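K.L.:
I'd like to ask you about the structure that follows.
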Amino acid sequence: MKISVVGAGYVGLTTAACLAELGHHVFCAESDVRKLAMLRAGELPFFEPYLDDIVVRNRAADRLEFGATEEAIHRSDVIFICVGTPPLENGEADLSAIETVARSVAKLARGYRLIVEKSTVPVQTARQLRKYLALQNSNHLTCDIVSNPEFLREGSAVEDFFHPDRIVVGVEEIGAAEQMREIYRPVLEKTVACPVHRSCSQTQEARFVVTDTNSAELIKHASNSFLATKISFINMVADLCEAAGADIGKVAEGIGLDSRIGPSFLRPGIGFGGFCFPKDLQAFVRIAEKFGCDFNLLKEVERINHRRVVKFVEKIKNELWVLRGKRVCVWGLAFKPETDDVRFAPPLAIIRNLLAEGATVRAYDPEAMQKASRELTEVTFCRDLYDAAERADVIVLLTEWQEFQRADWTRLSGLVERALIIDGRNTLPIEDVVASGFQYVGIGGVARSPETVEVAVAV
């Protein structure tokens, strides 16, 4: 099919490239002149595993092009709207970019178009979009509006596209659902090789879920809000474990073995971040209020998450006593591994608190240092994790990159001023860390020191 994707952000560019990989001819439009120039020059504006190879391959095959929105509207039968919907000051989603695309479609498109709303939007946006196009249209445009929410996780977005749990399409006409099924048919029938796993062993069947547009829009916000709730819940349980002398690792394992709950999103830490969860949580609260539903539960989820940064800084202070003049090594700046995204990232908030207390911060992240450096001018960014640890009074892990888990702990013990590691993600190999002479402090009552190992051996 001839498909246009308007917006070349995380969702838009990934969607465009992966649709091209399915065999469609895709025109990806971007209004940011600088970003468009990068894409045309073969550069990606962000890091996402495997995406660069897909972009290069499909551009070479003439299945993927980049250009302006106006050209995209003229050249396609299907238009995916993947523009940003950032939060306004009151937490509501800013839909101005959606309106801009709609205005261009109404002005330029003729004949039939299938318009696919993939941006995360409040419920009833598809209906508003349909009404807007009907009022603005002067070119005899006919169209179907589809809500097709995205469930792409940064760091694994390509794999998520080719191996989705479900593909949700909200429609008002069944014919639109059939067109969407045809677009995704190679994924549903597994007739295309996954670029991540060329000999892929994943056999899970993707569910093709057809709903009305309102329900599809709610599925996206409800999904992210529920996952955020699960994270805040386990973080509160972690606090209780620390206070009561229990081990959150064992507690979370026991909870997750219940098939009704499952183990996902039961890892305690410094809280959730990134662009999706914080903004979608706020937007869902505002949506509920608009319809007369007081969603205080989600307000508490948000409050708990904000508190995680403060509590983690307090944990560092408890170990160092005074932060002023201390040298803190920070491992990880992105809000999660396998991405360079630092938007609403807890590591940056923690670093700002450390700097305010008078600490000196040396930081390292495999991908996110360039973006973090624009916001943290007082931080020294280092060439690797060992450089960051030079003469450190404490190492704090804030993003669980595999590189940190494979560190040479013996080498590190000879670099630091004090052999202390505070693991904000509970992912480091505790036995290896402690065997190298480090004191290990985690989240939720998980802590070990060389002395405790010696006592255990003696007993």
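If you're wondering about the labels, chains in the structure tokens are A, B, ... by order shown, residues count from 1 in each chain, ligands from 1 in order shown.
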Which residues of segment 170-221 of chain A come within 10 Å of segment 283-298 of chain A, and what is each one's closest atom pair and distance in Å (one decimal), counting only C-alpha atoms, sorted by chain and residue number, as a tab-separated table?

P.N.:
residue	atom	partner	partner_atom	distance
A:Leu218	CA	A:Phe284	CA	8.7
A:Lys220	CA	A:Phe284	CA	9.8
A:His221	CA	A:Phe284	CA	6.1

K.L.:
Can I get the selected residues back with C-alpha atoms, as a tab-separated table (two decimals), in the first residue's frame?

P.N.:
chain	number	residue	atom	x	y	z
A	218	LEU	CA	-9.12	4.47	26.28
A	220	LYS	CA	-3.92	3.08	25.46
A	221	HIS	CA	-4.27	5.44	28.43

K.L.:
What are the DSSP helix (DSSP H, G or I) residues of segment 276-386 of chain A, as a ChimeraX atom specification?

P.N.:
/A:276-290,296-320,346-356,369-373,385-386

K.L.:
Considering only C-alpha atoms, state which residue in the set A:Gly424, A:Gly414, A:Gly245, A:Pro195 is at the smallest distance from Val309 of chain A.

P.N.:
A:Gly424

K.L.:
Sort by chain and increasing residue number a table of all residues of segment 223-298 of chain A within 12 Å of segment 3-22 of chain A, each with its closest pair of atoms and their distance in Å to one decimal, counting only C-alpha atoms, and write it as a tab-separated table.

P.N.:
residue	atom	partner	partner_atom	distance
A:Gly274	CA	A:Tyr10	CA	11.8
A:Phe275	CA	A:Tyr10	CA	10.3
A:Cys276	CA	A:Tyr10	CA	11.0

K.L.:
Between A:Glu217, A:Glu43, A:Glu70, A:Asp144, which has the minimum distance to Gln179 of chain A (counting only C-alpha atoms)?

P.N.:
A:Asp144

K.L.:
Have a look at A:Val434, A:Met38, A:Ala345, A:Cys382 and name the one nearest to Gly67 of chain A; count only C-alpha atoms.

P.N.:
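For Gly67 of chain A, the nearest of the candidates is A:Met38.
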
K.L.:
Among segment 107-191 of chain A, which ones does DSSP place in strand (DSSP E), written as an NGL selection string?

P.N.:
:A and (111-117 or 141-147 or 166-170)

K.L.:
Can you write just those residues out, C-alpha atoms, as a CSV table (one decimal), in the first residue's frame?

P.N.:
chain,number,residue,atom,x,y,z
A,111,GLY,CA,-11.0,11.5,-2.9
A,112,TYR,CA,-10.8,8.7,-0.3
A,113,ARG,CA,-8.3,8.5,2.6
A,114,LEU,CA,-7.9,6.1,5.5
A,115,ILE,CA,-6.7,8.3,8.4
A,116,VAL,CA,-5.1,6.4,11.2
A,117,GLU,CA,-4.8,8.1,14.6
A,141,LEU,CA,-12.7,14.4,0.6
A,142,THR,CA,-14.2,11.1,2.0
A,143,CYS,CA,-12.4,9.3,4.8
A,144,ASP,CA,-12.6,6.7,7.5
A,145,ILE,CA,-11.0,7.5,10.9
A,146,VAL,CA,-9.2,4.7,12.7
A,147,SER,CA,-7.8,4.7,16.2
A,166,ARG,CA,-2.3,-7.2,20.3
A,167,ILE,CA,-3.1,-4.8,17.5
A,168,VAL,CA,-6.0,-2.6,18.5
A,169,VAL,CA,-8.1,-0.9,15.8
A,170,GLY,CA,-11.0,1.4,16.7

K.L.:
So what do you get for atom CA of Ser436 of chain A versus atom CA of Arg406 of chain A, distance-wise?

P.N.:
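Distance between the two atoms: 13.4 Å.
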
K.L.:
I'd like the neighbourhood of Tyr440 of chain A as a VMD selection string, where a residue qualifies if any of its atoms comes within 8 Å (using only C-alpha atoms), though same-chain residues fewer than 4 positions away should be ignored.

P.N.:
chain A and resid 420 to 423 430 433 to 434 447 to 449

K.L.:
Residues near segment 129-135 of chain A, anyone? I mean within 7 Å using only C-alpha atoms, not counting same-chain ones fewer than 4 positions away, as a list in words.

P.N.:
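Non-adjacent residues within range: Ala102, Ala106, Thr125 and Ile145 of chain A.
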
K.L.:
For the selection you just gave me, I'd like the residues written to a file as a JSON list (two decimals), in the first residue's frame, keeping N, CA and C atoms.

P.N.:
[["chain", "number", "residue", "atom", "x", "y", "z"],
["A", 102, "ALA", "N", -4.69, 17.66, 10.58],
["A", 102, "ALA", "CA", -6.07, 17.59, 10.08],
["A", 102, "ALA", "C", -6.36, 18.74, 9.12],
["A", 106, "ALA", "N", -7.55, 18.27, 5.24],
["A", 106, "ALA", "CA", -8.79, 18.85, 4.73],
["A", 106, "ALA", "C", -8.53, 19.78, 3.55],
["A", 125, "THR", "N", -11.27, 11.79, 20.66],
["A", 125, "THR", "CA", -10.50, 12.58, 19.70],
["A", 125, "THR", "C", -10.82, 12.18, 18.26],
["A", 145, "ILE", "N", -11.92, 7.21, 9.78],
["A", 145, "ILE", "CA", -10.99, 7.50, 10.87],
["A", 145, "ILE", "C", -10.81, 6.24, 11.70]]

K.L.:
As a list in words, please: the residues near Thr229 of chain A (cut-off 9 Å, only C-alpha atoms, same-chain neighbours under 4 positions excluded).

P.N.:
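That gives Asn224, Ser225, Phe233, Ile234, Leu297, Leu298, Glu300, Val301 and Glu302 of chain A.
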
K.L.:
Generate the output file for the selected residues, C-alpha atoms, as a compact mmCIF listing (two decimals), in the first residue's frame.

P.N.:
# COMPACT_ATOMS: atom_id res chain seq x y z
CA ASN A 224 -0.06 2.83 30.64
CA SER A 225 -1.84 4.00 33.79
CA PHE A 233 2.65 -0.38 44.18
CA ILE A 234 5.83 -2.47 44.23
CA LEU A 297 -5.94 6.39 42.74
CA LEU A 298 -3.81 7.67 39.86
CA GLU A 300 -1.52 8.81 44.47
CA VAL A 301 0.42 6.73 41.93
CA GLU A 302 1.94 9.95 40.62

K.L.:
Measuring between only C-alpha atoms, which one of A:Ile443, A:Ala389, A:Leu323, A:Ala228 shows the shortest distance to Lys311 of chain A?

P.N.:
A:Ile443
